[in-house]
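The next block is final-v8.txt, given as compact mmCIF, C-alpha atoms.
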# COMPACT_ATOMS: atom_id res chain seq x y z
CA ARG K 216 143.02 126.69 -106.15
CA LEU K 217 140.88 127.71 -109.04
CA ALA K 218 138.30 125.79 -111.05
CA VAL K 219 137.27 126.93 -114.53
CA GLY K 220 134.65 125.61 -116.94
CA VAL K 221 133.06 124.85 -119.23
CA ASN K 222 134.10 126.04 -122.71
CA ALA K 223 137.40 124.96 -124.22
CA CYS K 224 138.60 124.55 -127.79
CA VAL K 225 141.51 125.07 -130.15
CA ASP K 226 141.64 128.53 -131.72
CA VAL K 227 142.92 128.63 -135.26
CA VAL K 228 144.02 132.23 -135.75
CA LEU K 229 144.63 133.56 -139.25
CA SER K 230 144.01 136.43 -141.65
CA GLY K 231 140.29 136.60 -142.52
CA VAL K 232 140.97 138.03 -145.97
CA LYS K 233 143.49 135.26 -146.77
CA LEU K 234 141.06 132.53 -145.71
CA LEU K 235 138.20 133.96 -147.77
CA GLN K 236 140.53 134.29 -150.77
CA ALA K 237 141.61 130.67 -150.27
CA LEU K 238 137.92 129.72 -150.27
CA GLY K 239 137.57 131.52 -153.60
CA ARG K 240 135.42 134.38 -152.27
CA SER K 241 135.62 138.00 -153.34
CA PRO K 242 134.26 140.90 -151.25
CA GLY K 243 130.62 141.65 -152.02
CA ASN K 244 128.11 143.57 -149.92
CA GLY K 245 128.28 143.00 -146.19
CA LYS K 246 125.29 141.57 -144.36
CA ASP K 247 124.98 140.31 -140.80
CA HIS K 248 123.72 136.74 -140.30
CA THR K 249 122.89 135.62 -136.76
CA ILE K 250 123.68 132.03 -137.82
CA LEU K 251 125.96 131.15 -140.73
CA HIS K 252 124.65 128.42 -143.03
CA SER K 253 127.14 128.66 -145.92
CA ARG K 254 130.40 130.11 -147.23
CA ASN K 255 128.36 132.93 -148.73
CA ASP K 256 126.89 133.81 -145.29
CA LEU K 257 130.42 133.71 -143.86
CA GLU K 258 131.75 136.10 -146.50
CA GLU K 259 128.83 138.55 -146.08
CA ALA K 260 129.06 138.58 -142.27
CA PHE K 261 132.86 138.99 -142.33
CA VAL K 262 132.58 141.91 -144.78
CA HIS K 263 129.85 143.48 -142.60
CA PHE K 264 131.97 143.42 -139.42
CA MET K 265 135.33 144.17 -141.03
CA GLY K 266 133.74 147.29 -142.54
CA LYS K 267 132.73 148.42 -139.04
CA GLY K 268 135.95 147.23 -137.38
CA ALA K 269 133.77 145.39 -134.85
CA ALA K 270 134.30 142.01 -133.19
CA ALA K 271 131.64 139.31 -133.57
CA GLU K 272 131.15 135.61 -132.95
CA ARG K 273 128.77 133.37 -134.92
CA PHE K 274 127.65 129.75 -135.05
CA PHE K 275 128.15 127.87 -138.34
CA SER K 276 125.30 125.38 -138.75
CA ASP K 277 126.61 123.03 -141.46
CA LYS K 278 128.98 120.45 -139.95
CA GLU K 279 130.54 119.21 -143.21
CA ALA K 280 131.00 122.67 -144.69
CA PHE K 281 132.56 123.89 -141.43
CA HIS K 282 134.89 120.90 -141.35
CA ASP K 283 136.13 121.70 -144.89
CA ILE K 284 136.65 125.39 -144.05
CA ALA K 285 138.50 124.48 -140.82
CA GLN K 286 140.76 122.10 -142.77
CA THR K 287 141.61 124.84 -145.29
CA ALA K 288 142.21 127.34 -142.46
CA SER K 289 144.47 125.00 -140.44
CA GLU K 290 146.70 124.35 -143.44
CA LEU K 291 147.08 127.95 -144.60
CA PRO K 292 150.61 129.36 -144.18
CA GLY K 293 150.57 131.67 -141.17
CA ALA K 294 147.66 129.94 -139.40
CA GLN K 295 148.42 129.50 -135.69
CA HIS K 296 146.92 127.11 -133.14
CA TYR K 297 146.24 128.34 -129.61
CA VAL K 298 144.34 127.38 -126.49
CA GLY K 299 140.80 128.72 -126.97
CA GLY K 300 137.48 129.02 -125.14
CA ASN K 301 137.04 131.54 -122.34
CA ALA K 302 137.32 128.92 -119.58
CA ALA K 303 140.52 127.38 -120.96
CA LEU K 304 142.05 130.82 -121.60
CA ILE K 305 141.27 132.02 -118.07
CA GLY K 306 142.64 128.74 -116.67
CA GLN K 307 145.79 129.11 -118.77
CA LYS K 308 146.28 132.70 -117.56
CA PHE K 309 145.94 131.67 -113.90
CA ALA K 310 148.24 128.66 -114.43
CA ALA K 311 151.06 131.06 -115.32
CA ASN K 312 151.31 131.63 -111.53
CA SER K 313 153.18 128.46 -110.65
CA ASP K 314 151.80 128.21 -107.11
CA LEU K 315 148.20 128.06 -108.35
CA LYS K 316 146.45 124.77 -109.02
CA VAL K 317 143.91 125.01 -111.84
CA LEU K 318 141.15 122.53 -112.65
CA LEU K 319 139.73 122.84 -116.19
CA CYS K 320 136.54 121.13 -117.28
CA GLY K 321 135.53 121.40 -120.91
CA PRO K 322 135.74 119.36 -124.09
CA VAL K 323 139.52 118.81 -124.26
CA GLY K 324 140.80 117.03 -127.39
CA PRO K 325 144.40 115.88 -128.07
CA LYS K 326 145.64 119.15 -129.64
CA LEU K 327 144.24 121.28 -126.81
CA HIS K 328 145.64 118.93 -124.15
CA GLU K 329 149.09 119.33 -125.70
CA LEU K 330 148.76 123.15 -125.69
CA LEU K 331 147.68 123.46 -122.03
CA ASP K 332 150.03 124.51 -119.23
CA ASP K 333 151.33 121.71 -116.99
CA ASN K 334 149.60 123.34 -114.02
CA VAL K 335 146.18 122.78 -115.59
CA PHE K 336 144.54 119.57 -114.44
CA VAL K 337 141.87 118.08 -116.71
CA PRO K 338 139.60 115.40 -115.21
CA PRO K 339 139.52 112.22 -117.38
CA GLU K 340 135.76 112.69 -118.05
CA SER K 341 136.61 115.94 -119.83
CA LEU K 342 138.90 114.36 -122.41
CA GLN K 343 137.52 113.63 -125.87
CA GLU K 344 138.97 112.12 -129.05
CA VAL K 345 138.42 115.10 -131.32
CA ASP K 346 139.14 118.79 -130.72
CA GLU K 347 136.57 121.53 -131.11
CA PHE K 348 138.03 124.10 -133.51
CA HIS K 349 137.12 127.81 -133.52
CA LEU K 350 138.25 129.89 -136.47
CA ILE K 351 139.42 133.38 -135.64
CA LEU K 352 139.65 135.64 -138.66
CA GLU K 353 141.78 138.66 -137.86
CA TYR K 354 142.13 141.90 -139.82
CA GLN K 355 144.37 144.91 -139.25
CA ALA K 356 143.44 148.59 -138.97
CA GLY K 357 143.43 150.05 -142.47
CA GLU K 358 143.56 146.61 -144.11
CA GLU K 359 141.87 146.66 -147.53
CA TRP K 360 140.04 143.99 -149.50
CA GLY K 361 138.45 145.24 -152.70
CA ARG K 362 136.54 148.40 -151.75
CA LEU K 363 136.46 147.33 -148.12
CA LYS K 364 138.70 149.05 -145.57
CA ALA K 365 138.82 148.16 -141.86
CA PRO K 366 138.65 151.21 -139.54
CA HIS K 367 140.13 149.21 -136.62
CA ALA K 368 141.98 145.94 -136.06
CA ASN K 369 139.58 143.28 -134.85
CA ARG K 370 138.42 139.71 -135.40
CA PHE K 371 135.48 137.62 -136.56
CA ILE K 372 135.04 134.25 -134.82
CA PHE K 373 132.93 131.31 -135.95
CA SER K 374 132.59 127.62 -135.10
CA HIS K 375 130.38 124.56 -135.37
CA ASP K 376 130.81 123.57 -131.78
CA LEU K 377 128.20 121.24 -130.33
CA SER K 378 129.77 120.02 -127.09
CA ASN K 379 130.49 123.57 -125.91
CA GLY K 380 127.13 124.61 -127.37
CA ALA K 381 125.25 122.21 -125.11
CA MET K 382 127.63 122.95 -122.20
CA ASN K 383 128.17 119.19 -122.05
CA MET K 384 130.83 119.39 -119.37
CA LEU K 385 128.79 121.37 -116.84
CA GLU K 386 127.80 118.42 -114.65
CA VAL K 387 131.31 116.93 -114.78
CA PHE K 388 132.59 120.34 -113.73
CA VAL K 389 130.32 120.74 -110.72
CA SER K 390 130.83 117.16 -109.56
CA SER K 391 134.65 117.62 -109.70
CA LEU K 392 134.48 120.62 -107.36
CA GLU K 393 133.78 118.60 -104.24
CA GLU K 394 137.10 116.78 -104.47
CA PHE K 395 139.08 119.73 -105.83
CA GLN K 396 137.78 122.29 -103.29
CA PRO K 397 138.54 125.51 -105.20
CA ASP K 398 138.80 129.01 -103.69
CA LEU K 399 137.20 130.49 -106.80
CA VAL K 400 135.01 129.12 -109.59
CA VAL K 401 135.00 130.72 -113.05
CA LEU K 402 132.14 129.83 -115.36
CA SER K 403 131.77 130.71 -119.01
CA GLY K 404 130.34 129.33 -122.22
CA LEU K 405 126.68 130.36 -121.86
CA HIS K 406 126.91 132.28 -125.16
CA MET K 407 127.77 129.00 -126.92
CA MET K 408 124.15 127.88 -126.45
CA GLU K 409 123.00 130.22 -129.23
CA GLY K 410 123.11 127.41 -131.76
CA GLN K 411 120.61 125.36 -129.72
CA SER K 412 116.81 125.31 -129.95
CA LYS K 413 114.83 127.58 -127.60
CA GLU K 414 113.54 124.56 -125.73
CA LEU K 415 117.04 123.22 -125.15
CA GLN K 416 118.33 126.65 -124.11
CA ARG K 417 115.58 127.02 -121.53
CA LYS K 418 116.10 123.52 -120.14
CA ARG K 419 119.89 123.91 -120.05
CA LEU K 420 119.75 127.29 -118.30
CA LEU K 421 117.61 125.84 -115.52
CA GLU K 422 120.19 123.06 -115.17
CA VAL K 423 122.97 125.65 -115.09
CA VAL K 424 121.25 127.47 -112.23
CA SER K 425 120.63 124.26 -110.32
CA SER K 426 124.27 123.18 -110.87
CA ILE K 427 125.55 126.56 -109.68
CA SER K 428 123.43 126.26 -106.57
CA ASP K 429 125.19 122.94 -105.81
CA ILE K 430 128.51 124.78 -105.53
CA PRO K 431 129.27 125.14 -101.81
CA THR K 432 128.27 128.50 -100.34
CA GLY K 433 131.14 130.86 -99.73
CA ILE K 434 133.00 130.01 -102.95
CA PRO K 435 132.80 133.07 -105.22
CA ILE K 436 131.63 132.36 -108.79
CA HIS K 437 132.71 134.59 -111.67
CA LEU K 438 130.69 134.48 -114.92
CA GLU K 439 132.51 135.56 -118.09
CA LEU K 440 130.09 136.70 -120.80
CA ALA K 441 130.91 136.72 -124.52
CA SER K 442 129.49 137.98 -127.81
CA MET K 443 125.80 137.13 -128.28
CA THR K 444 123.03 137.89 -130.78
CA ASN K 445 120.08 136.14 -129.17
CA LYS K 446 118.17 138.62 -127.00
CA GLU K 447 115.90 135.97 -125.55
CA LEU K 448 118.89 133.90 -124.37
CA MET K 449 120.51 137.01 -122.86
CA ARG K 450 117.21 137.98 -121.18
CA SER K 451 116.93 134.50 -119.71
CA ILE K 452 120.49 134.63 -118.39
CA VAL K 453 119.67 137.91 -116.65
CA HIS K 454 116.23 136.96 -115.34
CA GLN K 455 116.32 133.18 -114.88
CA GLN K 456 118.36 133.39 -111.74
CA VAL K 457 121.79 133.10 -113.41
CA PHE K 458 122.85 136.63 -112.40
CA PRO K 459 121.74 136.31 -108.76
CA ALA K 460 123.56 132.95 -108.53
CA VAL K 461 126.98 134.34 -109.50
CA THR K 462 129.22 136.68 -107.50
CA SER K 463 131.02 138.47 -110.28
CA LEU K 464 130.64 139.27 -113.99
CA GLY K 465 133.16 140.05 -116.73
CA LEU K 466 132.06 141.67 -120.01
CA ASN K 467 132.94 144.13 -122.78
CA GLU K 468 131.09 147.06 -124.37
CA GLN K 469 129.14 145.00 -126.92
CA GLU K 470 127.92 142.54 -124.30
CA LEU K 471 127.04 145.37 -121.91
CA LEU K 472 124.90 147.28 -124.42
CA PHE K 473 123.31 144.05 -125.69
CA LEU K 474 122.44 143.07 -122.11
CA SER K 475 120.81 146.46 -121.53
CA GLN K 476 118.85 146.20 -124.80
CA ALA K 477 117.71 142.64 -124.01
CA ALA K 478 116.57 143.49 -120.48
CA SER K 479 115.33 147.06 -121.13
CA GLY K 480 118.02 148.78 -119.09
CA PRO K 481 119.42 152.33 -119.34
CA HIS K 482 120.43 153.66 -122.79
CA SER K 483 118.88 150.57 -124.41
CA SER K 484 117.53 152.71 -127.28
CA LEU K 485 121.14 153.15 -128.44
CA SER K 486 121.63 150.78 -131.40
CA SER K 487 125.42 150.65 -131.04
CA TRP K 488 128.26 152.60 -129.47
CA ASN K 489 129.51 155.48 -131.55
CA GLY K 490 133.30 155.12 -131.25
CA ILE K 491 134.58 154.95 -127.68
CA PRO K 492 131.76 153.90 -125.32
CA ASP K 493 130.66 156.88 -123.22
CA VAL K 494 131.88 156.42 -119.62
CA GLY K 495 128.74 157.92 -118.07
CA MET K 496 126.46 155.61 -120.08
CA VAL K 497 128.57 152.55 -119.26
CA SER K 498 128.52 153.40 -115.58
CA ASP K 499 124.71 153.91 -115.68
CA ILE K 500 124.26 150.40 -117.09
CA LEU K 501 126.71 148.85 -114.58
CA PHE K 502 124.91 150.62 -111.74
CA TRP K 503 121.53 149.39 -113.05
CA ILE K 504 122.73 145.76 -113.25
CA LEU K 505 123.97 145.83 -109.64
CA LYS K 506 120.88 147.70 -108.41
CA GLU K 507 118.36 145.50 -110.28
CA HIS K 508 120.08 142.13 -110.05
CA GLY K 509 122.85 142.52 -107.47
CA ARG K 510 122.87 141.97 -103.73
CA SER K 511 120.82 144.29 -101.57
CA LYS K 512 118.99 144.13 -98.26
CA SER K 513 115.79 143.19 -100.08
CA ARG K 514 117.24 140.77 -102.64
CA ALA K 515 118.89 137.40 -102.12
CA SER K 516 121.48 137.80 -104.86
CA ASP K 517 125.21 137.02 -104.72
CA LEU K 518 126.15 139.44 -107.51
CA THR K 519 128.41 142.18 -106.09
CA ARG K 520 131.09 142.79 -108.74
CA ILE K 521 131.30 143.65 -112.46
CA HIS K 522 134.56 144.01 -114.36
CA PHE K 523 133.90 145.96 -117.57
CA HIS K 524 136.54 146.27 -120.28
CA THR K 525 136.67 148.12 -123.56
CA LEU K 526 139.73 148.85 -125.70
CA VAL K 527 140.70 152.20 -124.12
CA TYR K 528 139.48 151.94 -120.50
CA HIS K 529 138.21 149.53 -117.84
CA ILE K 530 135.75 149.98 -114.97
CA LEU K 531 135.38 147.77 -111.91
CA ALA K 532 132.01 148.30 -110.20
CA THR K 533 131.45 146.69 -106.79
CA VAL K 534 128.73 146.71 -104.16
CA ASP K 535 130.27 148.30 -101.06
CA GLY K 536 131.44 146.00 -98.30
CA HIS K 537 132.09 142.87 -100.37
CA TRP K 538 135.40 143.44 -102.15
CA ALA K 539 138.80 144.95 -101.42
CA ASN K 540 141.87 145.84 -103.47
CA GLN K 541 139.78 147.12 -106.41
CA LEU K 542 142.34 149.75 -107.37
CA ALA K 543 145.10 147.16 -107.86
CA ALA K 544 142.68 144.76 -109.59
CA VAL K 545 141.46 147.23 -112.22
CA ALA K 546 145.02 148.52 -112.81
CA ALA K 547 146.37 144.96 -113.21
CA GLY K 548 143.68 144.21 -115.81
CA ALA K 549 144.64 147.34 -117.75
CA ARG K 550 148.32 146.50 -117.56
CA VAL K 551 147.82 142.98 -118.93
CA ALA K 552 145.76 144.42 -121.82
CA GLY K 553 148.77 146.49 -122.89
CA THR K 554 151.41 143.80 -122.44
CA GLN K 555 149.49 140.84 -123.87
CA ALA K 556 148.31 142.64 -127.02
CA CYS K 557 151.90 143.77 -127.73
CA ALA K 558 153.35 140.41 -126.56
CA THR K 559 155.81 142.17 -124.21
CA ASP K 560 156.60 141.39 -120.57
CA THR K 561 156.25 144.98 -119.46
CA ILE K 562 154.55 148.01 -121.00
CA ASP K 563 156.74 149.36 -123.79
CA ALA K 564 155.93 153.10 -123.89
CA SER K 565 156.94 153.42 -127.56
CA ARG K 566 154.40 150.80 -128.62
CA VAL K 567 151.31 151.99 -126.73
CA SER K 568 149.05 155.02 -126.90
CA LEU K 569 146.64 156.63 -124.45
CA ARG K 570 143.23 156.95 -126.09
CA ALA K 571 140.94 157.06 -123.05
CA PRO K 572 138.88 160.21 -122.44
CA ARG K 573 140.85 162.63 -120.23
CA GLU K 574 137.61 163.86 -118.66
CA PHE K 575 134.08 162.48 -118.49
CA MET K 576 130.75 162.60 -116.67
CA THR K 577 130.12 159.69 -114.29
CA SER K 578 126.43 159.44 -115.21
CA HIS K 579 123.84 160.57 -117.74
CA SER K 580 120.65 159.37 -116.09
CA GLU K 581 121.23 161.49 -112.99
CA ALA K 582 123.45 164.42 -112.07
CA GLY K 583 126.85 162.76 -112.30
CA SER K 584 130.10 164.47 -111.44
CA ARG K 585 132.79 165.50 -113.92
CA ILE K 586 136.06 163.64 -113.50
CA VAL K 587 139.39 164.78 -114.93
CA ILE K 588 142.04 162.05 -115.10
CA ASN K 589 145.22 162.79 -113.16
CA PRO K 590 148.22 161.07 -114.87
CA ASN K 591 149.96 160.65 -111.50
CA GLU K 592 146.97 158.78 -110.08
CA PRO K 593 145.33 157.32 -113.18
CA VAL K 594 142.72 155.18 -111.37
CA ALA K 595 139.69 157.41 -110.79
CA LYS K 596 137.09 156.47 -108.19
CA TRP K 597 133.48 157.51 -107.53
CA HIS K 598 130.49 156.31 -105.54
CA ARG K 599 126.81 156.03 -106.24
CA GLU K 600 124.27 154.71 -103.74
CA GLY K 601 126.35 151.92 -102.23
CA VAL K 602 128.25 151.07 -105.41
CA SER K 603 131.93 151.98 -105.92
CA PHE K 604 133.39 152.56 -109.38
CA HIS K 605 137.10 152.29 -110.20
CA PHE K 606 138.06 153.59 -113.66
CA THR K 607 141.43 153.19 -115.36
CA PRO K 608 142.67 154.20 -118.79
CA VAL K 609 144.39 151.46 -120.83
CA LEU K 610 147.70 151.92 -122.58
CA VAL K 611 146.55 150.52 -125.92
CA CYS K 612 149.01 148.55 -128.03
CA LYS K 613 149.45 150.35 -131.38
CA ASP K 614 150.37 147.24 -133.37
CA PRO K 615 148.63 144.35 -131.60
CA ILE K 616 150.21 140.93 -132.15
CA ARG K 617 147.26 139.05 -130.62
CA THR K 618 143.81 140.30 -129.70
CA VAL K 619 142.26 136.89 -128.99
CA GLY K 620 141.63 136.06 -125.36
CA LEU K 621 142.45 139.58 -124.25
CA GLY K 622 139.15 139.96 -122.37
CA ASP K 623 139.74 136.64 -120.62
CA ALA K 624 143.26 137.68 -119.60
CA ILE K 625 141.91 141.01 -118.29
CA SER K 626 139.19 139.28 -116.23
CA ALA K 627 141.63 136.65 -114.90
CA GLU K 628 144.18 139.26 -113.86
CA GLY K 629 141.50 141.43 -112.24
CA LEU K 630 140.18 138.42 -110.29
CA PHE K 631 143.71 137.44 -109.25
CA TYR K 632 144.15 140.81 -107.49
CA SER K 633 140.59 141.09 -106.13
CA GLU K 634 139.98 140.27 -102.49
CA VAL K 635 136.63 138.87 -101.44
CA ARG K 636 135.51 140.03 -98.03
CA PRO K 637 134.02 137.03 -96.26
CA HIS K 638 130.41 137.53 -95.24
CA SER K 639 128.87 135.74 -92.35

As a first step, turn the structure in this file into structure tokens.
Amino acid sequence: RLAVGVNACVDVVLSGVKLLQALGRSPGNGKDHTILHSRNDLEEAFVHFMGKGAAAERFFSDKEAFHDIAQTASELPGAQHYVGGNAALIGQKFAANSDLKVLLCGPVGPKLHELLDDNVFVPPESLQEVDEFHLILEYQAGEEWGRLKAPHANRFIFSHDLSNGAMNMLEVFVSSLEEFQPDLVVLSGLHMMEGQSKELQRKRLLEVVSSISDIPTGIPIHLELASMTNKELMRSIVHQQVFPAVTSLGLNEQELLFLSQAASGPHSSLSSWNGIPDVGMVSDILFWILKEHGRSKSRASDLTRIHFHTLVYHILATVDGHWANQLAAVAAGARVAGTQACATDTIDASRVSLRAPREFMTSHSEAGSRIVINPNEPVAKWHREGVSFHFTPVLVCKDPIRTVGLGDAISAEGLFYSEVRPHS
């Protein structure tokens, strides 16, 4: 039994260039906006990220303008509607195993309810009359628009989503757990609070922590992070007891570096990754998170596991003695990345490529060891002061059909294979 909450929505997936053309925009100079207030802001931010080939997620502040854009997007030929929101996506992934019962709490409107797997149970308090729409603007590697050319395939996500933004379903979620009695709780949606005022963010985070502490001891809690721009919110999530209250974290390279920058961790002077994130740097930051905020003899924290994923490799870092089956878990996450992106049931060797580093240093802040990947045993393992690292290359889909929800599928699959060692 698995309970997931609290962000859920309908993803409208379409070509970013086609939508902007339909909105009558032409490509000007790119510029990042932490919050989008207009179509002009949308066009500038999209151009900025498409030019870098980087993923991003932004809040659109104007309700009416967003509604009009969403209407245009939904009706464009080629636009597709999918289950969206990290919690709903993780729930949907788990529900594919027919013997698993999944409870989903989040704002579920009629369209989303229709899209959900039959194994996903939604409590009546979670149902609402209108769906929350998130627009996912995709672009392909090498795609051109005016002078703009995308170096990689990626996506730009934006929404005007208030119920997920205020994490409205959090209390419903926690109160449903008593009756449902899950074996694992997955929480996500904290990044959706970026559109809220500082005061509301602070108040809501304290309520999140107090709600998490109401979850019966012994039930592991996994927190899935997502793209953020607000350092203060990220700092609060790290320091205001959210990290110590959860057992496990899932994140990608942008979230990892942003977390380190927000909380002054290792390599935080790096403004962005240059190409493939350096394995040694990533492992330094993972080690720091578990050492500073994870469980130890001197700290009452539950955090003992981090599942890190980037396009070409994944790392599962765990505090020794708390988890088993890490090798299978990290490999399963990598396998699902290759199959889901290509929309195949098994890895099709002709459609994937191996782009992970063949050798790397395990650390930069101390004398790490050099590891050379052995193709016959592709999961590499190393230790550092009570923390185990499991590294696997990913067979990357060359022509991805769908990139949305890939991180959620990776985290869900990794959790499915992970074994928690009960602690007295």

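Every protein or nucleic acid residue with an atom no more than 10 Å from Met382 in chain K, counting all atoms listed in the file and leaving out same-chain residues fewer than 2 positions away, appears here: K:Gly220, K:Val221, K:Asn222, K:Gly321, K:Pro322, K:Leu377, K:Ser378, K:Asn379, K:Gly380, K:Met384, K:Leu385, K:Glu386, K:Ser403, K:Gly404, K:Leu405, K:His406, K:Met407, K:Met408, K:Arg419, K:Leu420, K:Val423.
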
(Q) Can you pull out the residues contacting Pro492 in chain K? Cut-off 8 Å, using only C-alpha atoms, and skip same-chain residues under 3 positions away; I want them as a list in words. (A)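 So the residues in contact are Glu468, Trp488, Asn489, Met496, Val497 and Thr525 of chain K.
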
Q: List every protein, DNA or RNA residue that has at least one atom no more than 8 Å from (140.8, 138.4, -134.8) in the file's coordinates, counting all atoms listed in the file, and write the result as a PyMOL selection string.
A: chain K and resi 228-231+270+351-354+368-372+617-619

Q: Can you work out the spacing between CA of Ile588 in chain K and CA of Met576 in chain K in Å, to one decimal?
A: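 Rounded to one decimal, the two atoms are 11.4 Å apart.
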
Q | Point-to-point distance in Å for CA of Pro615 in chain K and CA of Arg570 in chain K | A |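 Rounded to one decimal, the two atoms are 14.8 Å apart.
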
Q.
Quick one: residues within 8 Å of Leu518 in chain K, only C-alpha atoms, excluding same-chain residues fewer than 6 positions away - as a list in words?
A. Phe458, Pro459, Ala460, Val461, Thr462, Ser463, Leu464, Leu505, His508, Gly509 and Arg510 of chain K

Could the residues in this selection be saved with C-alpha atoms as a tab-separated table (two decimals), keeping the file's coordinate frame?
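Result saved to result-v4.tsv:
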chain	number	residue	atom	x	y	z
K	458	PHE	CA	122.85	136.63	-112.40
K	459	PRO	CA	121.74	136.31	-108.76
K	460	ALA	CA	123.56	132.95	-108.53
K	461	VAL	CA	126.98	134.34	-109.50
K	462	THR	CA	129.22	136.68	-107.50
K	463	SER	CA	131.02	138.47	-110.28
K	464	LEU	CA	130.64	139.27	-113.99
K	505	LEU	CA	123.97	145.83	-109.64
K	508	HIS	CA	120.08	142.13	-110.05
K	509	GLY	CA	122.85	142.52	-107.47
K	510	ARG	CA	122.87	141.97	-103.73
